[in-house]
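Structure file model02.cif (mmCIF, C-alpha atoms) is printed below.
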```cif
data_run
#
loop_
_atom_site.group_PDB
_atom_site.id
_atom_site.type_symbol
_atom_site.label_atom_id
_atom_site.label_comp_id
_atom_site.auth_asym_id
_atom_site.auth_seq_id
_atom_site.Cartn_x
_atom_site.Cartn_y
_atom_site.Cartn_z
ATOM 1 C CA MET H 1 82.841 -57.069 -12.312
ATOM 2 C CA ARG H 2 80.131 -54.418 -11.643
ATOM 3 C CA PHE H 3 79.859 -52.353 -8.491
ATOM 4 C CA TYR H 4 76.510 -50.787 -7.333
ATOM 5 C CA THR H 5 76.011 -47.839 -5.085
ATOM 6 C CA HIS H 6 73.909 -48.135 -1.941
ATOM 7 C CA SER H 7 71.035 -46.072 -3.434
ATOM 8 C CA LYS H 8 70.955 -48.175 -6.589
ATOM 9 C CA LEU H 9 70.758 -51.385 -4.594
ATOM 10 C CA LYS H 10 67.881 -49.908 -2.500
ATOM 11 C CA GLU H 11 66.008 -48.921 -5.652
ATOM 12 C CA ASN H 12 66.373 -52.363 -7.166
ATOM 13 C CA ARG H 13 65.001 -54.001 -4.006
ATOM 14 C CA GLN H 14 61.660 -52.036 -4.073
ATOM 15 C CA PRO H 15 58.833 -54.263 -5.311
ATOM 16 C CA LYS H 16 56.823 -53.078 -8.290
ATOM 17 C CA LEU H 17 53.093 -52.638 -7.507
ATOM 18 C CA PRO H 18 50.552 -53.537 -10.136
ATOM 19 C CA PRO H 19 48.657 -50.577 -11.636
ATOM 20 C CA PHE H 20 45.153 -49.695 -10.260
ATOM 21 C CA GLY H 21 42.511 -51.354 -12.386
ATOM 22 C CA ASN H 22 43.735 -52.441 -15.764
ATOM 23 C CA GLN H 23 46.963 -51.636 -17.574
ATOM 24 C CA THR H 24 45.573 -48.224 -18.642
ATOM 25 C CA GLY H 25 45.076 -47.006 -15.029
ATOM 26 C CA LYS H 26 41.254 -46.724 -15.302
ATOM 27 C CA PRO H 27 39.015 -47.749 -12.340
ATOM 28 C CA PRO H 28 37.558 -51.240 -12.548
ATOM 29 C CA PRO H 29 33.952 -51.651 -13.811
ATOM 30 C CA ALA H 30 32.725 -52.628 -10.347
ATOM 31 C CA PHE H 31 33.917 -49.311 -8.931
ATOM 32 C CA LYS H 32 32.157 -47.357 -11.692
ATOM 33 C CA PHE H 33 28.967 -49.325 -11.017
ATOM 34 C CA TRP H 34 28.891 -48.423 -7.329
ATOM 35 C CA LEU H 35 29.765 -44.809 -8.130
ATOM 36 C CA GLU H 36 26.730 -44.559 -10.395
ATOM 37 C CA ILE H 37 24.561 -46.151 -7.705
ATOM 38 C CA CYS H 38 25.681 -43.578 -5.124
ATOM 39 C CA ARG H 39 25.124 -40.715 -7.546
ATOM 40 C CA THR H 40 21.618 -41.946 -8.390
ATOM 41 C CA LEU H 41 20.725 -42.315 -4.712
ATOM 42 C CA LEU H 42 21.986 -38.793 -3.989
ATOM 43 C CA ILE H 43 19.952 -37.220 -6.784
ATOM 44 C CA THR H 44 16.865 -39.199 -5.793
ATOM 45 C CA GLY H 45 17.289 -38.149 -2.164
ATOM 46 C CA ILE H 46 17.508 -34.483 -3.108
ATOM 47 C CA ALA H 47 14.428 -34.743 -5.331
ATOM 48 C CA VAL H 48 12.417 -36.526 -2.640
ATOM 49 C CA SER H 49 13.487 -33.985 -0.015
ATOM 50 C CA ALA H 50 12.507 -31.092 -2.265
ATOM 51 C CA TYR H 51 9.101 -32.629 -2.982
ATOM 52 C CA TRP H 52 8.567 -33.308 0.705
ATOM 53 C CA ALA H 53 9.514 -29.756 1.592
ATOM 54 C CA ILE H 54 7.175 -28.228 -0.984
ATOM 55 C CA THR H 55 4.214 -30.401 -0.049
ATOM 56 C CA LEU H 56 4.797 -30.205 3.685
ATOM 57 C CA PRO H 57 1.314 -29.594 5.188
ATOM 58 C CA ASP H 58 2.667 -27.276 7.880
ATOM 59 C CA TRP H 59 3.924 -24.810 5.266
ATOM 60 C CA THR H 60 0.438 -23.618 4.482
ATOM 61 C CA ILE H 61 -1.799 -20.694 5.370
ATOM 62 C CA LYS H 62 -4.819 -22.414 6.895
ATOM 63 C CA ASP H 63 -6.842 -19.340 7.904
ATOM 64 C CA ARG H 64 -6.706 -15.551 8.316
ATOM 65 C CA SER H 65 -5.181 -15.783 11.776
ATOM 66 C CA GLN H 66 -1.815 -16.534 10.106
ATOM 67 C CA ILE H 67 -1.860 -13.165 8.328
ATOM 68 C CA LYS H 68 -0.216 -10.373 10.343
ATOM 69 C CA ILE H 69 -1.158 -6.768 9.547
ATOM 70 C CA GLU H 70 1.214 -3.880 10.273
ATOM 71 C CA GLY H 71 0.958 -0.135 9.650
ATOM 72 C CA ASP H 72 -2.822 0.038 10.150
ATOM 73 C CA ARG H 73 -4.151 3.222 11.758
ATOM 74 C CA LEU H 74 -7.775 3.680 10.707
ATOM 75 C CA LEU H 75 -8.553 0.336 9.114
ATOM 76 C CA SER H 76 -9.086 -2.663 11.366
ATOM 77 C CA LYS H 77 -6.710 -5.605 11.016
ATOM 78 C CA ASP H 78 -9.576 -7.962 10.348
ATOM 79 C CA GLY H 79 -10.945 -5.562 7.732
ATOM 80 C CA VAL H 80 -7.626 -5.637 5.861
ATOM 81 C CA ARG H 81 -7.539 -9.452 6.039
ATOM 82 C CA LYS H 82 -10.984 -9.603 4.422
ATOM 83 C CA LEU H 83 -9.636 -7.670 1.430
ATOM 84 C CA ILE H 84 -7.352 -10.614 0.608
ATOM 85 C CA SER H 85 -9.000 -13.267 -1.551
ATOM 86 C CA LEU H 86 -7.285 -16.571 -0.726
ATOM 87 C CA SER H 87 -8.509 -20.147 -0.810
ATOM 88 C CA TYR H 88 -7.600 -21.908 2.434
ATOM 89 C CA PRO H 89 -5.498 -23.912 2.968
ATOM 90 C CA GLN H 90 -2.958 -22.250 0.682
ATOM 91 C CA SER H 91 0.645 -23.327 0.183
ATOM 92 C CA ILE H 92 2.832 -20.443 1.282
ATOM 93 C CA LEU H 93 5.409 -21.245 -1.420
ATOM 94 C CA GLU H 94 2.790 -20.930 -4.152
ATOM 95 C CA LEU H 95 1.655 -17.493 -2.989
ATOM 96 C CA SER H 96 2.763 -14.523 -5.076
ATOM 97 C CA ALA H 97 3.712 -11.646 -2.779
ATOM 98 C CA LYS H 98 3.586 -9.255 -5.755
ATOM 99 C CA GLN H 99 0.050 -10.254 -6.731
ATOM 100 C CA LEU H 100 -1.178 -9.912 -3.144
ATOM 101 C CA SER H 101 0.367 -6.438 -2.933
ATOM 102 C CA GLN H 102 -1.295 -5.378 -6.186
ATOM 103 C CA GLN H 103 -4.605 -6.802 -5.006
ATOM 104 C CA LEU H 104 -4.522 -4.717 -1.828
ATOM 105 C CA GLU H 105 -3.325 -1.569 -3.590
ATOM 106 C CA SER H 106 -6.285 -1.813 -5.960
ATOM 107 C CA THR H 107 -8.641 -1.179 -3.027
ATOM 108 C CA ALA H 108 -9.454 2.441 -2.258
ATOM 109 C CA PRO H 109 -8.146 2.849 1.327
ATOM 110 C CA ILE H 110 -4.688 1.296 0.775
ATOM 111 C CA ALA H 111 -2.014 3.307 -1.027
ATOM 112 C CA LYS H 112 0.840 0.795 -0.679
ATOM 113 C CA ALA H 113 1.220 -2.778 0.538
ATOM 114 C CA MET H 114 4.281 -4.957 1.074
ATOM 115 C CA VAL H 115 3.832 -8.702 1.601
ATOM 116 C CA THR H 116 6.468 -10.890 3.282
ATOM 117 C CA ARG H 117 6.250 -14.692 3.464
ATOM 118 C CA GLN H 118 7.608 -16.594 6.470
ATOM 119 C CA LEU H 119 8.090 -20.367 6.502
ATOM 120 C CA LEU H 120 8.699 -21.043 10.201
ATOM 121 C CA PRO H 121 6.164 -20.587 11.580
ATOM 122 C CA PRO H 122 4.163 -20.325 8.322
ATOM 123 C CA SER H 123 2.640 -16.861 8.104
ATOM 124 C CA LEU H 124 2.225 -13.746 5.989
ATOM 125 C CA THR H 125 3.182 -10.273 7.171
ATOM 126 C CA ILE H 126 1.492 -7.413 5.329
ATOM 127 C CA GLU H 127 2.685 -3.865 5.917
ATOM 128 C CA ILE H 128 0.265 -1.266 4.573
ATOM 129 C CA GLU H 129 0.262 2.473 4.020
ATOM 130 C CA GLU H 130 -3.259 3.855 4.270
ATOM 131 C CA ARG H 131 -4.716 6.740 2.324
ATOM 132 C CA GLN H 132 -5.368 9.717 4.552
ATOM 133 C CA PRO H 133 -9.054 10.775 4.777
ATOM 134 C CA ILE H 134 -9.067 14.588 4.843
ATOM 135 C CA ALA H 135 -12.694 15.398 3.989
ATOM 136 C CA LEU H 136 -16.111 13.910 4.642
ATOM 137 C CA VAL H 137 -18.218 13.439 1.491
ATOM 138 C CA LEU H 138 -21.919 14.266 1.920
ATOM 139 C CA SER H 139 -24.838 13.396 -0.319
ATOM 140 C CA PRO H 140 -26.223 16.183 -2.560
ATOM 141 C CA LEU H 141 -28.887 18.343 -0.980
ATOM 142 C CA SER H 142 -32.482 17.214 -1.431
ATOM 143 C CA SER H 143 -35.716 17.697 0.425
ATOM 144 C CA ALA H 144 -35.010 14.526 2.415
ATOM 145 C CA ALA H 145 -31.359 15.309 3.067
ATOM 146 C CA ILE H 146 -31.620 18.933 4.166
ATOM 147 C CA SER H 147 -32.089 18.056 7.832
ATOM 148 C CA ARG H 148 -29.908 14.958 7.819
ATOM 149 C CA PRO H 149 -27.408 14.642 4.931
ATOM 150 C CA GLU H 150 -26.036 11.182 4.285
ATOM 151 C CA GLU H 151 -22.327 10.598 4.903
ATOM 152 C CA LEU H 152 -21.114 8.654 1.855
ATOM 153 C CA GLY H 153 -17.424 8.352 2.636
ATOM 154 C CA PHE H 154 -14.207 10.359 2.557
ATOM 155 C CA LEU H 155 -11.708 11.960 0.195
ATOM 156 C CA ASP H 156 -7.936 11.791 0.387
ATOM 157 C CA PRO H 157 -5.724 14.726 -0.727
ATOM 158 C CA ASN H 158 -5.583 13.321 -4.282
ATOM 159 C CA GLY H 159 -9.339 13.061 -4.650
ATOM 160 C CA ILE H 160 -9.575 9.281 -4.169
ATOM 161 C CA PHE H 161 -13.022 8.428 -2.815
ATOM 162 C CA LEU H 162 -12.882 6.184 0.267
ATOM 163 C CA PRO H 163 -16.198 4.401 0.989
ATOM 164 C CA LYS H 164 -17.465 4.785 4.527
ATOM 165 C CA SER H 165 -17.857 1.006 4.885
ATOM 166 C CA PHE H 166 -14.094 0.647 5.320
ATOM 167 C CA TYR H 167 -14.141 2.776 8.473
ATOM 168 C CA THR H 168 -16.828 1.170 10.607
ATOM 169 C CA HIS H 169 -14.339 0.273 13.368
ATOM 170 C CA VAL H 170 -12.092 3.312 13.534
ATOM 171 C CA SER H 171 -9.543 3.552 16.320
ATOM 172 C CA ALA H 172 -10.686 5.982 19.004
ATOM 173 C CA LYS H 173 -7.266 7.655 19.093
ATOM 174 C CA PHE H 174 -7.576 8.824 15.479
ATOM 175 C CA GLU H 175 -9.911 11.732 14.676
ATOM 176 C CA LEU H 176 -11.844 11.720 11.434
ATOM 177 C CA PRO H 177 -11.799 14.883 9.285
ATOM 178 C CA THR H 178 -14.147 17.783 9.983
ATOM 179 C CA LEU H 179 -14.007 19.328 6.496
ATOM 180 C CA LYS H 180 -17.127 18.438 4.483
ATOM 181 C CA VAL H 181 -17.533 18.194 0.704
ATOM 182 C CA ARG H 182 -20.900 18.097 -1.020
ATOM 183 C CA GLY H 183 -21.590 17.295 -4.686
ATOM 184 C CA TYR H 184 -18.177 15.747 -5.422
ATOM 185 C CA ARG H 185 -17.896 13.774 -8.688
ATOM 186 C CA GLU H 186 -15.182 11.504 -10.027
ATOM 187 C CA GLN H 187 -14.374 13.980 -12.806
ATOM 188 C CA ASP H 188 -13.500 16.570 -10.149
ATOM 189 C CA ARG H 189 -10.532 14.532 -8.892
ATOM 190 C CA GLN H 190 -7.772 16.509 -10.620
ATOM 191 C CA SER H 191 -9.310 19.855 -9.609
ATOM 192 C CA TRP H 192 -9.753 18.678 -6.024
ATOM 193 C CA SER H 193 -6.076 17.829 -5.520
ATOM 194 C CA GLN H 194 -5.159 21.415 -6.483
ATOM 195 C CA ILE H 195 -8.054 23.032 -4.585
ATOM 196 C CA TYR H 196 -7.405 21.147 -1.362
ATOM 197 C CA GLN H 197 -3.764 22.237 -1.215
ATOM 198 C CA LEU H 198 -4.887 25.876 -1.293
ATOM 199 C CA LEU H 199 -7.779 25.378 1.148
ATOM 200 C CA ASP H 200 -5.474 23.608 3.586
ATOM 201 C CA ARG H 201 -3.150 26.641 3.669
ATOM 202 C CA SER H 202 -5.957 29.152 4.172
ATOM 203 C CA THR H 203 -5.697 31.305 7.302
ATOM 204 C CA VAL H 204 -9.507 31.493 7.385
ATOM 205 C CA ASP H 205 -11.226 28.391 8.765
ATOM 206 C CA ILE H 206 -13.145 26.495 6.062
ATOM 207 C CA PHE H 207 -15.817 24.020 7.128
ATOM 208 C CA GLU H 208 -17.492 22.888 3.919
ATOM 209 C CA VAL H 209 -17.006 22.840 0.151
ATOM 210 C CA ASP H 210 -20.195 22.820 -1.963
ATOM 211 C CA TRP H 211 -19.558 21.514 -5.487
ATOM 212 C CA GLN H 212 -23.182 20.877 -6.478
ATOM 213 C CA ASN H 213 -23.279 23.741 -8.953
ATOM 214 C CA PRO H 214 -20.386 23.359 -11.466
ATOM 215 C CA SER H 215 -20.660 27.034 -12.371
ATOM 216 C CA ASN H 216 -20.197 28.199 -8.783
ATOM 217 C CA LEU H 217 -17.933 26.602 -6.198
ATOM 218 C CA VAL H 218 -19.123 27.619 -2.735
ATOM 219 C CA ILE H 219 -17.209 27.376 0.541
ATOM 220 C CA PHE H 220 -18.554 27.847 4.066
ATOM 221 C CA THR H 221 -16.107 29.668 6.307
ATOM 222 C CA GLU H 222 -15.898 31.381 9.671
ATOM 223 C CA LEU H 223 -16.752 34.606 7.796
ATOM 224 C CA GLY H 224 -19.815 33.083 6.181
ATOM 225 C CA GLN H 225 -20.771 31.660 2.801
ATOM 226 C CA VAL H 226 -18.350 32.526 -0.014
ATOM 227 C CA TYR H 227 -19.039 32.300 -3.761
ATOM 228 C CA LEU H 228 -15.952 31.462 -5.832
ATOM 229 C CA GLY H 229 -17.439 30.930 -9.305
ATOM 230 C CA ALA H 230 -16.233 28.375 -11.858
ATOM 231 C CA ASP H 231 -12.693 29.591 -12.555
ATOM 232 C CA HIS H 232 -10.557 27.573 -10.113
ATOM 233 C CA SER H 233 -7.362 29.189 -11.419
ATOM 234 C CA GLN H 234 -8.331 32.263 -9.371
ATOM 235 C CA LEU H 235 -8.626 30.348 -6.104
ATOM 236 C CA GLU H 236 -5.255 31.418 -4.700
ATOM 237 C CA ALA H 237 -6.069 35.086 -5.288
ATOM 238 C CA GLN H 238 -9.592 34.598 -3.900
ATOM 239 C CA LEU H 239 -8.316 33.069 -0.672
ATOM 240 C CA ARG H 240 -5.789 35.879 -0.354
ATOM 241 C CA VAL H 241 -8.620 38.436 -0.530
ATOM 242 C CA LEU H 242 -10.669 36.373 1.929
ATOM 243 C CA ALA H 243 -7.771 36.437 4.410
ATOM 244 C CA GLN H 244 -7.685 40.253 4.114
ATOM 245 C CA MET H 245 -11.353 40.315 5.128
ATOM 246 C CA GLY H 246 -10.564 38.644 8.458
ATOM 247 C CA GLN H 247 -11.669 41.737 10.401
ATOM 248 C CA LEU H 248 -15.063 41.821 8.667
ATOM 249 C CA PRO H 249 -17.085 40.540 11.677
ATOM 250 C CA GLU H 250 -15.842 43.524 13.695
ATOM 251 C CA ARG H 251 -17.253 45.942 11.124
ATOM 252 C CA VAL H 252 -20.389 44.161 9.898
ATOM 253 C CA ASP H 253 -22.964 42.095 11.748
ATOM 254 C CA ALA H 254 -22.298 38.551 10.461
ATOM 255 C CA SER H 255 -25.969 37.586 10.862
ATOM 256 C CA LYS H 256 -26.872 40.179 8.221
ATOM 257 C CA ILE H 257 -24.432 38.843 5.602
ATOM 258 C CA ASP H 258 -26.041 36.561 3.029
ATOM 259 C CA TYR H 259 -22.816 35.694 1.171
ATOM 260 C CA ILE H 260 -19.450 37.055 0.096
ATOM 261 C CA ASP H 261 -18.916 37.132 -3.658
ATOM 262 C CA LEU H 262 -15.288 36.559 -4.692
ATOM 263 C CA SER H 263 -16.005 35.233 -8.192
ATOM 264 C CA ASN H 264 -13.991 38.256 -9.309
ATOM 265 C CA PRO H 265 -11.250 38.685 -6.682
ATOM 266 C CA GLN H 266 -10.457 42.116 -8.115
ATOM 267 C CA GLU H 267 -13.965 43.301 -7.171
ATOM 268 C CA PRO H 268 -15.080 41.490 -3.998
ATOM 269 C CA ALA H 269 -18.685 42.080 -2.970
ATOM 270 C CA ILE H 270 -20.804 41.421 0.091
ATOM 271 C CA GLN H 271 -24.455 40.553 -0.344
ATOM 272 C CA MET H 272 -26.504 41.559 2.674
ATOM 273 C CA ARG H 273 -29.756 39.931 3.700
ATOM 274 C CA SER H 274 -32.874 41.857 2.791
#
```

Will you turn the file into structure tokens for me?
Amino acid sequence: MRFYTHSKLKENRQPKLPPFGNQTGKPPPAFKFWLEICRTLLITGIAVSAYWAITLPDWTIKDRSQIKIEGDRLLSKDGVRKLISLSYPQSILELSAKQLSQQLESTAPIAKAMVTRQLLPPSLTIEIEERQPIALVLSPLSSAAISRPEELGFLDPNGIFLPKSFYTHVSAKFELPTLKVRGYREQDRQSWSQIYQLLDRSTVDIFEVDWQNPSNLVIFTELGQVYLGADHSQLEAQLRVLAQMGQLPERVDASKIDYIDLSNPQEPAIQMRS
């Protein structure tokens, strides 16, 4: 006669459940079928949503009014917008912020540009850093221009020429430069960046730089017309001598001075009118 414990009897009474699916425990074919259907619907839904999002008409730049300009001081906002060549309407997702920045930076008055795209509401924000006009470029002297020289544009400290057409609507709160440059050429750019730094530090007021004669750079100052010659490496020494002549008007009648010759700063000379 066999005797069973209580736990053994309880274990023997538990019904055995059939395995899920077939004898191997795999899900039935019907379950796999519906799983594939759900997966296909999910992928299709994502693809459709992505296509809808990309082609959404509202995510487009329809005109220039959706382009915001920041950092402008001299240039007008509308003038900066006109520098951007876009075909409207333009999908904002297809725009290259890098290409737009490079496009703006290739124009003379803009040194740096950063473009930010915004989806809601769709717009572009362009933050610019303008080149600083520090001198007014005049046309070379001629019989027609003696009484009224033509203002061609401006120079920045690095010698970049800035056409006057960019500054037709200048803000009234910003003053344009008073220093004038005549006879400037593109090949003078490297020399200008060095010359301007020295002229800007001069203690004697300088009103105009005449570059028409390559063999003789001439500046017009509060002391009169000054000849500097062709050797720009002497400019620092020449301006130092000019500063030492600051008391000249107290000793000599300025109206009788034709020009001051500092082409050799070791031997400054004053040419009087005959």

Exercise for the section: Evaluate the PyMOL selection byres ((chain H and resi 256) around 6) here and jot the selected residues down as a list in words. Expected result: Asp253, Ala254, Ser255, Ile257, Met272 and Arg273 of chain H

Exercise for the section: Quick one: pull the distance between atom CA of Ser263 of chain H and atom CA of Leu152 of chain H, Å, one decimal. Expected result: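 Straight-line distance from atom CA of Ser263 of chain H to atom CA of Leu152 of chain H works out to 28.9 Å.
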
Practice task
Apply the PyMOL selection byres ((chain H and resi 203-209) around 7) to the structure shown and report the selected residues as a PyMOL selection string.
Solution key: chain H and resi 179-182+201-202+210-211+218-222+243

Problem - Distance of atom CA of Tyr259 of chain H from atom CA of Arg240 of chain H, expressed in Å to one decimal place - result: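 Atom-to-atom, atom CA of Arg240 of chain H to atom CA of Tyr259 of chain H, that is 17.1 Å.
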
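The nearest approach to Ala111 of chain H among the residues H:Glu150, H:Asp156, H:Glu250, H:Glu94, with only C-alpha atoms taken into account, belongs to H:Asp156.
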
Taking the file above as input, evaluate the PyMOL selection byres ((chain H and resi 157) around 7) and report the hits as a short mmCIF file (atom, residue, chain, number, x, y, z; two decimals) with C-alpha atoms, in the coordinates of the input.
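Now in selection_18.cif:
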```
data_model
loop_
_atom_site.label_atom_id
_atom_site.label_comp_id
_atom_site.auth_asym_id
_atom_site.auth_seq_id
_atom_site.Cartn_x
_atom_site.Cartn_y
_atom_site.Cartn_z
CA ILE H 134 -9.07 14.59 4.84
CA LEU H 155 -11.71 11.96 0.20
CA ASP H 156 -7.94 11.79 0.39
CA ASN H 158 -5.58 13.32 -4.28
CA GLY H 159 -9.34 13.06 -4.65
CA SER H 193 -6.08 17.83 -5.52
CA TYR H 196 -7.40 21.15 -1.36
#
```

Per-axis box centre and lengths in Å around segment 81-94 of chain H, 8 Å margin per side, axis-aligned, as lines of an AutoDock Vina configuration file:
```
center_x = -2.8
center_y = -15.8
center_z = 0.9
size_x = 32.4
size_y = 32.2
size_z = 26.2
```

Exercise for the section: Kindly give the distance, in Å, that separates atom CA of Gly79 of chain H and atom CA of Gln103 of chain H, rounded to a single decimal. Expected result: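 That distance, rounded to one decimal, is 14.3 Å.
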
Handout entry: Nearest to Leu74 of chain H, chosen from H:Glu130, H:Asp231, H:Asp188, H:Asp261, with only C-alpha atoms counted in the distances
Key =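 Among the listed residues, H:Glu130 lies closest to Leu74 of chain H.
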
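Between Asp63 of chain H and the residues H:Leu124, H:Leu100, H:Ala135, H:Leu95, the shortest atom-to-atom distance, using all atoms listed in the file, involves H:Leu124.
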
Problem - For Leu217 of chain H: contacts at 7 Å, all atoms listed in the file, fewer than 4 positions along chain excluded, given as a ChimeraX atom specification - result: /H:210-211,213,227-230

All heavy atoms for segment 194-202 of chain H, written as a CSV table (one decimal), in the frame of the given file, could you do that?
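Dumped to selection08.csv:
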```csv
chain,number,residue,atom,x,y,z
H,194,GLN,N,-5.7,20.1,-6.5
H,194,GLN,CA,-5.2,21.4,-6.5
H,194,GLN,C,-5.9,22.3,-5.5
H,194,GLN,O,-5.3,23.1,-4.8
H,194,GLN,CB,-5.2,22.0,-7.9
H,194,GLN,CG,-4.5,21.2,-8.9
H,194,GLN,CD,-4.7,21.6,-10.4
H,194,GLN,OE1,-5.6,22.4,-10.6
H,194,GLN,NE2,-4.0,21.0,-11.3
H,195,ILE,N,-7.2,22.2,-5.5
H,195,ILE,CA,-8.1,23.0,-4.6
H,195,ILE,C,-7.7,22.8,-3.1
H,195,ILE,O,-7.6,23.7,-2.3
H,195,ILE,CB,-9.6,22.8,-4.9
H,195,ILE,CG1,-9.9,23.4,-6.2
H,195,ILE,CG2,-10.4,23.4,-3.8
H,195,ILE,CD1,-11.3,23.1,-6.7
H,196,TYR,N,-7.6,21.5,-2.8
H,196,TYR,CA,-7.4,21.1,-1.4
H,196,TYR,C,-6.1,21.7,-0.8
H,196,TYR,O,-6.0,22.2,0.3
H,196,TYR,CB,-7.4,19.6,-1.2
H,196,TYR,CG,-7.1,19.3,0.3
H,196,TYR,CD1,-8.0,19.5,1.3
H,196,TYR,CD2,-5.8,18.7,0.6
H,196,TYR,CE1,-7.6,19.2,2.6
H,196,TYR,CE2,-5.5,18.4,1.9
H,196,TYR,CZ,-6.4,18.7,2.9
H,196,TYR,OH,-6.0,18.4,4.2
H,197,GLN,N,-5.0,21.7,-1.6
H,197,GLN,CA,-3.8,22.2,-1.2
H,197,GLN,C,-3.9,23.7,-0.8
H,197,GLN,O,-3.3,24.2,0.2
H,197,GLN,CB,-2.7,22.1,-2.3
H,197,GLN,CG,-2.3,20.6,-2.6
H,197,GLN,CD,-1.3,20.5,-3.7
H,197,GLN,OE1,-0.5,21.4,-3.9
H,197,GLN,NE2,-1.3,19.5,-4.4
H,198,LEU,N,-4.7,24.5,-1.6
H,198,LEU,CA,-4.9,25.9,-1.3
H,198,LEU,C,-5.8,26.1,-0.1
H,198,LEU,O,-5.5,26.9,0.8
H,198,LEU,CB,-5.5,26.6,-2.5
H,198,LEU,CG,-4.6,26.6,-3.7
H,198,LEU,CD1,-5.3,27.2,-4.9
H,198,LEU,CD2,-3.3,27.5,-3.5
H,199,LEU,N,-6.9,25.3,0.0
H,199,LEU,CA,-7.8,25.4,1.1
H,199,LEU,C,-7.1,25.0,2.5
H,199,LEU,O,-7.3,25.6,3.5
H,199,LEU,CB,-9.0,24.5,1.0
H,199,LEU,CG,-9.9,24.7,-0.2
H,199,LEU,CD1,-11.1,23.7,-0.3
H,199,LEU,CD2,-10.5,26.2,-0.2
H,200,ASP,N,-6.2,24.1,2.4
H,200,ASP,CA,-5.5,23.6,3.6
H,200,ASP,C,-4.5,24.7,4.1
H,200,ASP,O,-4.2,24.7,5.3
H,200,ASP,CB,-4.7,22.3,3.3
H,200,ASP,CG,-4.1,21.7,4.5
H,200,ASP,OD1,-4.9,21.5,5.5
H,200,ASP,OD2,-3.0,21.3,4.5
H,201,ARG,N,-4.1,25.6,3.2
H,201,ARG,CA,-3.2,26.6,3.7
H,201,ARG,C,-3.9,27.9,4.1
H,201,ARG,O,-3.2,28.9,4.5
H,201,ARG,CB,-2.1,27.0,2.6
H,201,ARG,CG,-1.2,25.8,2.2
H,201,ARG,CD,0.0,26.3,1.5
H,201,ARG,NE,-0.3,26.9,0.2
H,201,ARG,CZ,-0.3,26.3,-1.0
H,201,ARG,NH1,0.0,25.0,-1.1
H,201,ARG,NH2,-0.6,27.0,-2.1
H,202,SER,N,-5.2,27.9,3.9
H,202,SER,CA,-6.0,29.2,4.2
H,202,SER,C,-5.9,29.5,5.6
H,202,SER,O,-6.0,28.7,6.5
H,202,SER,CB,-7.4,28.9,3.8
H,202,SER,OG,-8.2,30.1,4.2
```
